[in-house]
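Trainee: To start, I am sharing the structure in question, which I have written as structure tokens.
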Amino acid sequence: MTTHDSTPVAGSASADDRRAVTGKRRIAFAVYVAGADELPGLQALLRSIALSDPGLCEDVVVLHPGLPDTDFDAARRLHPRLVPRTAAGRHEVFGLDGYDTVVALSPAMVVLGPLDALLKLRTGVAAVPRPGPDGAPDPHGTPDPHGTPDPHGTPDPHGAPDPHDGLLVIQRRDLDHSVPPAAARDIPESVLVPLEPRYDFPALRLGDDLAVPEDVVVLNFAGTPTTSTGPAHAARARFDLDDEAFRAAYLALTGPRHPDLLLHLALPFPGGSRPPIDLVRRIAEIHRGRGRHDEAVALLGEAVAGRPDLPRCHETLGVCLMALSRYEEAETHLLLATASPDFAPRAYGQLARLAWLLGRTEDARGYALAGLETDPADANCRAWYARTSEMIAAGGAVPDSTPGEQLAHVALFADGEENAGDKVLPEAVRSCFTADTGPDRWHQQHAHLLVDEAGLERLNERRAVIVGGGGLFLPDTAPNGNSGWQWNIPDDVLARITAPLAVFAVGYNVFDGQRYRRERFAASLRTLVERSAFFGLRNHGSVARVRELLPDSLREKVRYQPCPTTVARHLDPRLAEPVAREDTVLINCAYDRAGLRFGHDYGHFLAEMAAAIRDLSAAAEVRYAAHMPADERFVDDLRREHGLTLPVEPLYLLSNDAIRDLYRRTRLVIGMRGHAGMIPFGCGTPVISLVSHPKLAYFLADIDRPDWGVSVHERALGARLAERARAVLADHAAAVADIHDRQRALWSVTRDNLARLRELTGLPDPFGDPGAGPVVPAPRSAADQDRAAPSLRTAPPTL
């Protein structure tokens, strides 16, 4: 089943859903509907969740005894992620396949407030204990019709949850899956977690005259007469809406709304009326965030026709057109957006980027300067002005070598205060081919720059074209309509590259649960693989993902080539083991696409990291390594929420040598960014990865050290992290020796691949005899090479 915008719901297979790799929790609401007469209650429940917690949209699994699928059509109109399943009874909420946390509700409930506290629970089976008529626990959970409501009362931890209608928050790992409970009353007492009464408050206690307490979150109408009136039933009646009234009520909300739910309820726009322009723009922004730029353009193009007075919409439309590589139209709309002082700086920043993409450096600097004249504090325009000014100043420099003596390098070249890993990586790639990594030997082609006819000619003049490294197979950092990935090159131009072409240590960097349209990418990928003489990806996980997108005839061309940063000690003799290391531990966290990284677990992650840092501070000085300014959010949140202050090392301000030296001299790095693990590893420093992205787990699997990673969703994250870190510090020499052993295997694969590449370039071996000719071993299939990788798979050390 899919939603209207073809986004698969949970439970359906997706090549881009790798939650099992990172340990990301899979959460669902579950509702048992005993018959068709309970469907109106289900619909009221769905409306109440949406209107009371509009930023929430998880799977809703509807268990039923075998109702016709069409019976759920009305509910599907209310929620985009409805998953009907046939079940023998409500007890099957304890065994839902595909989910880690299940919140069991009932059609007799309505939700009156946010449910985020329930989704943050991590242990046991949580429920509200029910006191009996005499105040003693009632093992059957029977509500007291005469009791005085006390939502603030202390729940009795021995009271049993209601086996039929009570709310339950189930952590499935805490149950014995081999013998699931037949009902809530059969749950072992050792795993029961009491909830405050406000999370499952019986309406029966209120009668027909008492008001609903203000802090009640879930109101349960089980056992109430259908003829009852009063405040409780008035509260429920708020959710007895027809579809149009419900849509209007949700769309009128002013707070954060979940993109899935907003799209589902807004589209299609009702016929015969013009939707509010702010809503159209918001829907377009959601499409843009999901890579559906064509749909965003279709919506906004119609909305802004003849309306130059909508600068914010013109700005969004311009950015989406740019993502489709419709650059001339994009420039027109971005210029219209500059008419408003409120949006001019942002629009000028986008215009500067557009002009830079097209190689119009003077225009780019002019746009950036215009933006600074509008707002001198605008950071984006300031960065573009600095970058383009440097490019213009360096434009007259002529390399000593001729084009035919150079290699072309296509990569993401970071500058300014951009990601430190993206600064180190291109130099590491070049070091694999030549000792001189500067402009005399290398022609630099930023991946985001459009490759036009002149650009194609420059590439073909070079000795070879090296594409890599980095996570170039990513749809959303700098989208373009020419390729669907980070290299902005049309298929017909790519097919006309005559210089030897090698893809070297590129990564497939899609997040857990991140889905996008892959048709354009898949077509470009096929052309790229067909044209490439060598095609190497930086982990076996990327190899598998990319092979899934290729026809059988091309899959064997996809090889494993480790990231060059992981073998830095073999590339640079200055990175030998230091005489002494500083008694420090460096921590790094990442915040791009934070929702995809953390889900509902960020508060848990922060608290667990605070506990680990307090523990480790007794063994070493803990410092923070920020790869980019946004990473420093961790330090701010840690100080505000937990009263801990960490010294910050701003790696984004350091040179490549200084970055490597910092990582080489510390004793341990705990990192969430891929290169916060790979760069220190390459320098011989022990690492522990905070896994929030599949690529970290892929790297650890390649070196057969999965135990060097801890999921950011791990329940006992703090304790496990501290234990592993202390073990590394206690036997540091053994940890370093193990890294050296892992590196030798990666270096062997790299040398083997480089020998093949030297045949293409004619370059001498920079690591052997400069006068020796290229050493070309007998060809070997990609399958043979993959089988060689298990040489890494020795028994892991005890940490």
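Letters A, B, ... mark the chains of the structure tokens in the order given; residue numbers begin at 1 per chain; ligand numbers begin at 1, in order shown.
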List every residue of stretch 22-114 of chain A that has an atom at most 10 Å from any atom of stretch 215-237 of chain A, giving for each one its closest atom pair and the distance in Å to one decimal, counting only C-alpha atoms, sorted by chain and then by ascending residue number, as a Markdown table.

Mentor:
```
| residue | atom | partner | partner_atom | distance |
| --- | --- | --- | --- | --- |
| A:Ala44 | CA | A:Arg236 | CA | 8.0 |
| A:Leu45 | CA | A:Arg236 | CA | 9.2 |
| A:Ser48 | CA | A:Arg236 | CA | 8.4 |
| A:Ile49 | CA | A:Val218 | CA | 9.7 |
| A:Ser52 | CA | A:Val217 | CA | 9.0 |
| A:Leu105 | CA | A:Val218 | CA | 9.3 |
| A:Ser106 | CA | A:Asn220 | CA | 8.2 |
| A:Pro107 | CA | A:Phe221 | CA | 8.9 |
| A:Ala108 | CA | A:Phe221 | CA | 5.1 |
| A:Met109 | CA | A:Asn220 | CA | 4.4 |
| A:Val110 | CA | A:Leu219 | CA | 5.5 |
| A:Val111 | CA | A:Val218 | CA | 4.6 |
| A:Leu112 | CA | A:Val217 | CA | 4.9 |
| A:Gly113 | CA | A:Val217 | CA | 4.6 |
| A:Pro114 | CA | A:Val217 | CA | 6.8 |
```

Trainee: Would you mind exporting the chosen residues as a PDB file, in the first residue's frame, restricted to N, CA, C and O atoms?

Mentor:
```pdb
ATOM      1  N   ALA A  44     -12.873   8.596  14.858  1.00  0.00           N
ATOM      2  CA  ALA A  44     -12.786   9.681  15.837  1.00  0.00           C
ATOM      3  C   ALA A  44     -11.416   9.703  16.501  1.00  0.00           C
ATOM      4  O   ALA A  44     -10.842  10.772  16.758  1.00  0.00           O
ATOM      5  N   LEU A  45     -10.872   8.522  16.799  1.00  0.00           N
ATOM      6  CA  LEU A  45      -9.544   8.436  17.390  1.00  0.00           C
ATOM      7  C   LEU A  45      -8.490   9.022  16.454  1.00  0.00           C
ATOM      8  O   LEU A  45      -7.621   9.798  16.880  1.00  0.00           O
ATOM      9  N   SER A  48      -8.702  12.724  16.409  1.00  0.00           N
ATOM     10  CA  SER A  48      -8.236  13.325  17.666  1.00  0.00           C
ATOM     11  C   SER A  48      -6.714  13.347  17.741  1.00  0.00           C
ATOM     12  O   SER A  48      -6.119  14.317  18.235  1.00  0.00           O
ATOM     13  N   ILE A  49      -6.063  12.299  17.256  1.00  0.00           N
ATOM     14  CA  ILE A  49      -4.592  12.293  17.257  1.00  0.00           C
ATOM     15  C   ILE A  49      -4.066  13.408  16.368  1.00  0.00           C
ATOM     16  O   ILE A  49      -3.155  14.153  16.743  1.00  0.00           O
ATOM     17  N   SER A  52      -4.901  16.903  17.976  1.00  0.00           N
ATOM     18  CA  SER A  52      -4.290  17.156  19.282  1.00  0.00           C
ATOM     19  C   SER A  52      -2.776  17.069  19.250  1.00  0.00           C
ATOM     20  O   SER A  52      -2.101  17.650  20.098  1.00  0.00           O
ATOM     21  N   LEU A 105      -3.950   1.404  21.480  1.00  0.00           N
ATOM     22  CA  LEU A 105      -5.097   2.254  21.819  1.00  0.00           C
ATOM     23  C   LEU A 105      -6.369   1.460  21.554  1.00  0.00           C
ATOM     24  O   LEU A 105      -6.326   0.296  21.163  1.00  0.00           O
ATOM     25  N   SER A 106      -7.512   2.125  21.739  1.00  0.00           N
ATOM     26  CA  SER A 106      -8.780   1.454  21.484  1.00  0.00           C
ATOM     27  C   SER A 106      -9.739   2.428  20.808  1.00  0.00           C
ATOM     28  O   SER A 106      -9.606   3.650  20.953  1.00  0.00           O
ATOM     29  N   PRO A 107     -10.699   1.920  20.040  1.00  0.00           N
ATOM     30  CA  PRO A 107     -11.680   2.803  19.393  1.00  0.00           C
ATOM     31  C   PRO A 107     -12.531   3.573  20.387  1.00  0.00           C
ATOM     32  O   PRO A 107     -13.254   4.494  19.991  1.00  0.00           O
ATOM     33  N   ALA A 108     -12.463   3.205  21.665  1.00  0.00           N
ATOM     34  CA  ALA A 108     -13.227   3.921  22.684  1.00  0.00           C
ATOM     35  C   ALA A 108     -12.486   5.142  23.208  1.00  0.00           C
ATOM     36  O   ALA A 108     -12.988   5.835  24.099  1.00  0.00           O
ATOM     37  N   MET A 109     -11.310   5.437  22.667  1.00  0.00           N
ATOM     38  CA  MET A 109     -10.477   6.535  23.168  1.00  0.00           C
ATOM     39  C   MET A 109     -10.483   7.720  22.222  1.00  0.00           C
ATOM     40  O   MET A 109     -10.691   7.581  21.015  1.00  0.00           O
ATOM     41  N   VAL A 110     -10.230   8.890  22.791  1.00  0.00           N
ATOM     42  CA  VAL A 110      -9.842  10.059  22.015  1.00  0.00           C
ATOM     43  C   VAL A 110      -8.621  10.681  22.683  1.00  0.00           C
ATOM     44  O   VAL A 110      -8.424  10.558  23.894  1.00  0.00           O
ATOM     45  N   VAL A 111      -7.815  11.323  21.876  1.00  0.00           N
ATOM     46  CA  VAL A 111      -6.578  11.944  22.359  1.00  0.00           C
ATOM     47  C   VAL A 111      -6.797  13.443  22.480  1.00  0.00           C
ATOM     48  O   VAL A 111      -7.263  14.086  21.530  1.00  0.00           O
ATOM     49  N   LEU A 112      -6.449  13.985  23.644  1.00  0.00           N
ATOM     50  CA  LEU A 112      -6.688  15.402  23.917  1.00  0.00           C
ATOM     51  C   LEU A 112      -5.406  16.220  24.006  1.00  0.00           C
ATOM     52  O   LEU A 112      -5.474  17.447  24.158  1.00  0.00           O
ATOM     53  N   GLY A 113      -4.253  15.570  23.948  1.00  0.00           N
ATOM     54  CA  GLY A 113      -2.996  16.298  24.079  1.00  0.00           C
ATOM     55  C   GLY A 113      -1.846  15.560  23.435  1.00  0.00           C
ATOM     56  O   GLY A 113      -2.013  14.449  22.898  1.00  0.00           O
ATOM     57  N   PRO A 114      -0.642  16.111  23.483  1.00  0.00           N
ATOM     58  CA  PRO A 114       0.526  15.503  22.829  1.00  0.00           C
ATOM     59  C   PRO A 114       0.882  14.150  23.445  1.00  0.00           C
ATOM     60  O   PRO A 114       0.783  13.949  24.649  1.00  0.00           O
TER      61      PRO A 114
END
```

Trainee: Write out as a ChimeraX atom specification the residues lying within 7 Å of stretch 600-609 of chain A, counting only C-alpha atoms and excluding same-chain residues fewer than 2 positions away.

Mentor: /A:119-120,598,611-613,638,712-713,717-718

Trainee: So which one's closest to A:Arg462, A:Asp342, A:Glu196, A:Asp492, A:Glu405? Using only C-alpha atoms, please.

Mentor: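 For A:Arg462, the nearest of the candidates is A:Glu405.
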
Trainee: Which residues are near A:Pro629? Cut-off 9 Å, only C-alpha atoms, ignore same chain within fewer than 4 positions. Put them as an NGL selection string.

Mentor: :A and (417-419 or 633 or 650 or 652)

Trainee: Hey, which of A:Phe699, A:Trp442, A:Phe681, A:Phe521 ends up closest to A:Asp738? Count only C-alpha atoms.

Mentor: A:Phe681

Trainee: Mind listing the alpha helix (DSSP H) residues of stretch 423-527 of chain A, per DSSP on the backbone, as a ChimeraX atom specification?

Mentor: /A:423-431,453-460,491-494,519-527

Trainee: Would you please give, as a list in words, all residues of stretch 565-707 of chain A that DSSP assigns to strand (DSSP E) based on the backbone?

Mentor: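 DSSP on the backbone gives strand (DSSP E) at Thr584, Val585, Leu586, Ile587, Asn588, Glu621, Val622, Arg623, Tyr624, Ala625, Ala626, Val648, Glu649, Pro650, Leu668, Val669, Ile670, Gly671, Val687, Ile688, Ser689, Leu690 and Val691 of chain A.
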
Trainee: Which residues are close to A:Val169, i.e. within 6 Å by only C-alpha atoms, leaving aside same-chain residues fewer than 3 positions away? Reply as number ranges by chain.

Mentor: A: 102-103, 125-126

Trainee: I need the chosen residues saved as a compact mmCIF listing (two decimals), in the first residue's frame, with N, CA and C atoms.

Mentor:
```txt
# COMPACT_ATOMS: atom_id res chain seq x y z
N VAL A 102 5.23 -0.30 20.34
CA VAL A 102 3.83 -0.31 19.92
C VAL A 102 3.00 0.38 21.00
N VAL A 103 2.24 1.39 20.60
CA VAL A 103 1.31 2.07 21.50
C VAL A 103 -0.08 1.55 21.17
N VAL A 125 6.51 -2.64 29.61
CA VAL A 125 5.17 -2.43 29.08
C VAL A 125 4.50 -1.44 30.02
N ALA A 126 4.21 -0.25 29.50
CA ALA A 126 3.66 0.81 30.34
C ALA A 126 2.15 0.85 30.23
```

Trainee: A:Leu554: which residues within 9 Å, counting only C-alpha atoms, same-chain residues fewer than 5 positions away excluded, as a short mmCIF file (atom, residue, chain, number, x, y, z; two decimals) with N, CA and C atoms, in the first residue's frame?

Mentor:
```cif
data_model
loop_
_atom_site.label_atom_id
_atom_site.label_comp_id
_atom_site.auth_asym_id
_atom_site.auth_seq_id
_atom_site.Cartn_x
_atom_site.Cartn_y
_atom_site.Cartn_z
N ARG A 526 23.60 4.26 -14.73
CA ARG A 526 23.88 3.25 -15.76
C ARG A 526 24.87 3.80 -16.78
N VAL A 529 28.37 3.92 -15.11
CA VAL A 529 29.02 2.62 -14.98
C VAL A 529 29.47 2.11 -16.35
N GLU A 530 28.64 2.29 -17.36
CA GLU A 530 29.00 1.85 -18.71
C GLU A 530 30.27 2.56 -19.19
N ARG A 547 24.38 -1.84 -6.77
CA ARG A 547 24.12 -2.98 -7.66
C ARG A 547 22.62 -3.24 -7.80
#
```

Trainee: Compare A:Ala379, A:Met391, A:Cys432, A:Leu310 by their minimum atom-to-atom distance to A:Val567, counting only C-alpha atoms, and give me the closest one.

Mentor: A:Cys432

Trainee: Quick one: residues within 8 Å of A:Pro694, only C-alpha atoms counted, chain neighbours fewer than 6 positions away excluded, as a list in words?

Mentor: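 Neighbouring residues, sequence-local ones excluded: Arg18, Val21, Thr22, Asn509, Val510, Phe511 and Asp512 of chain A.
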
Trainee: Hey, can you spit out that residue selection with N, CA, C and O atoms as a short mmCIF file (atom, residue, chain, number, x, y, z; two decimals), in the first residue's frame?

Mentor:
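Wrote it out as selection-v6.cif, contents follow:
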```
data_model
loop_
_atom_site.label_atom_id
_atom_site.label_comp_id
_atom_site.auth_asym_id
_atom_site.auth_seq_id
_atom_site.Cartn_x
_atom_site.Cartn_y
_atom_site.Cartn_z
N ARG A 18 16.98 1.28 5.80
CA ARG A 18 18.03 0.46 6.40
C ARG A 18 18.04 0.60 7.91
O ARG A 18 19.07 0.68 8.54
N VAL A 21 20.13 -1.50 10.13
CA VAL A 21 21.56 -1.23 10.17
C VAL A 21 21.90 -0.29 11.31
O VAL A 21 22.90 -0.46 12.00
N THR A 22 21.08 0.72 11.54
CA THR A 22 21.40 1.75 12.53
C THR A 22 20.70 1.54 13.86
O THR A 22 21.01 2.24 14.82
N ASN A 509 24.94 7.54 0.07
CA ASN A 509 24.74 8.14 1.39
C ASN A 509 23.29 8.38 1.77
O ASN A 509 22.99 9.38 2.43
N VAL A 510 22.40 7.49 1.40
CA VAL A 510 20.99 7.68 1.73
C VAL A 510 20.75 7.29 3.20
O VAL A 510 21.26 6.29 3.68
N PHE A 511 19.98 8.10 3.91
CA PHE A 511 19.67 7.87 5.31
C PHE A 511 18.63 6.77 5.49
O PHE A 511 17.92 6.40 4.55
N ASP A 512 18.52 6.29 6.74
CA ASP A 512 17.44 5.38 7.11
C ASP A 512 16.09 6.00 6.77
O ASP A 512 15.81 7.14 7.14
#
```

Trainee: So what do you get for atom CA of A:Ser190 versus atom CA of A:Ala203, distance-wise?

Mentor: 29.0 Å

Trainee: Between A:Val429, A:Arg623, A:Trp487, A:Ala499, which residue has the minimum interatomic distance to A:Ser524, considering only C-alpha atoms?

Mentor: A:Trp487

Trainee: At a cut-off of 12 Å, using only C-alpha atoms, what residues contact A:Ala414? Leave out same-chain residues fewer than 2 positions from it and give the result as a VMD selection string.

Mentor: chain A and resid 383 387 411 to 412 416 to 427 446 to 448 470 627 to 628 652 to 653 655 to 656

Trainee: Could you check which of A:Leu261, A:Leu550, A:Leu754, A:Val191 is closest to A:Pro54, using only C-alpha atoms?

Mentor: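 Using only C-alpha atoms, A:Pro54 sits closest to A:Leu261.
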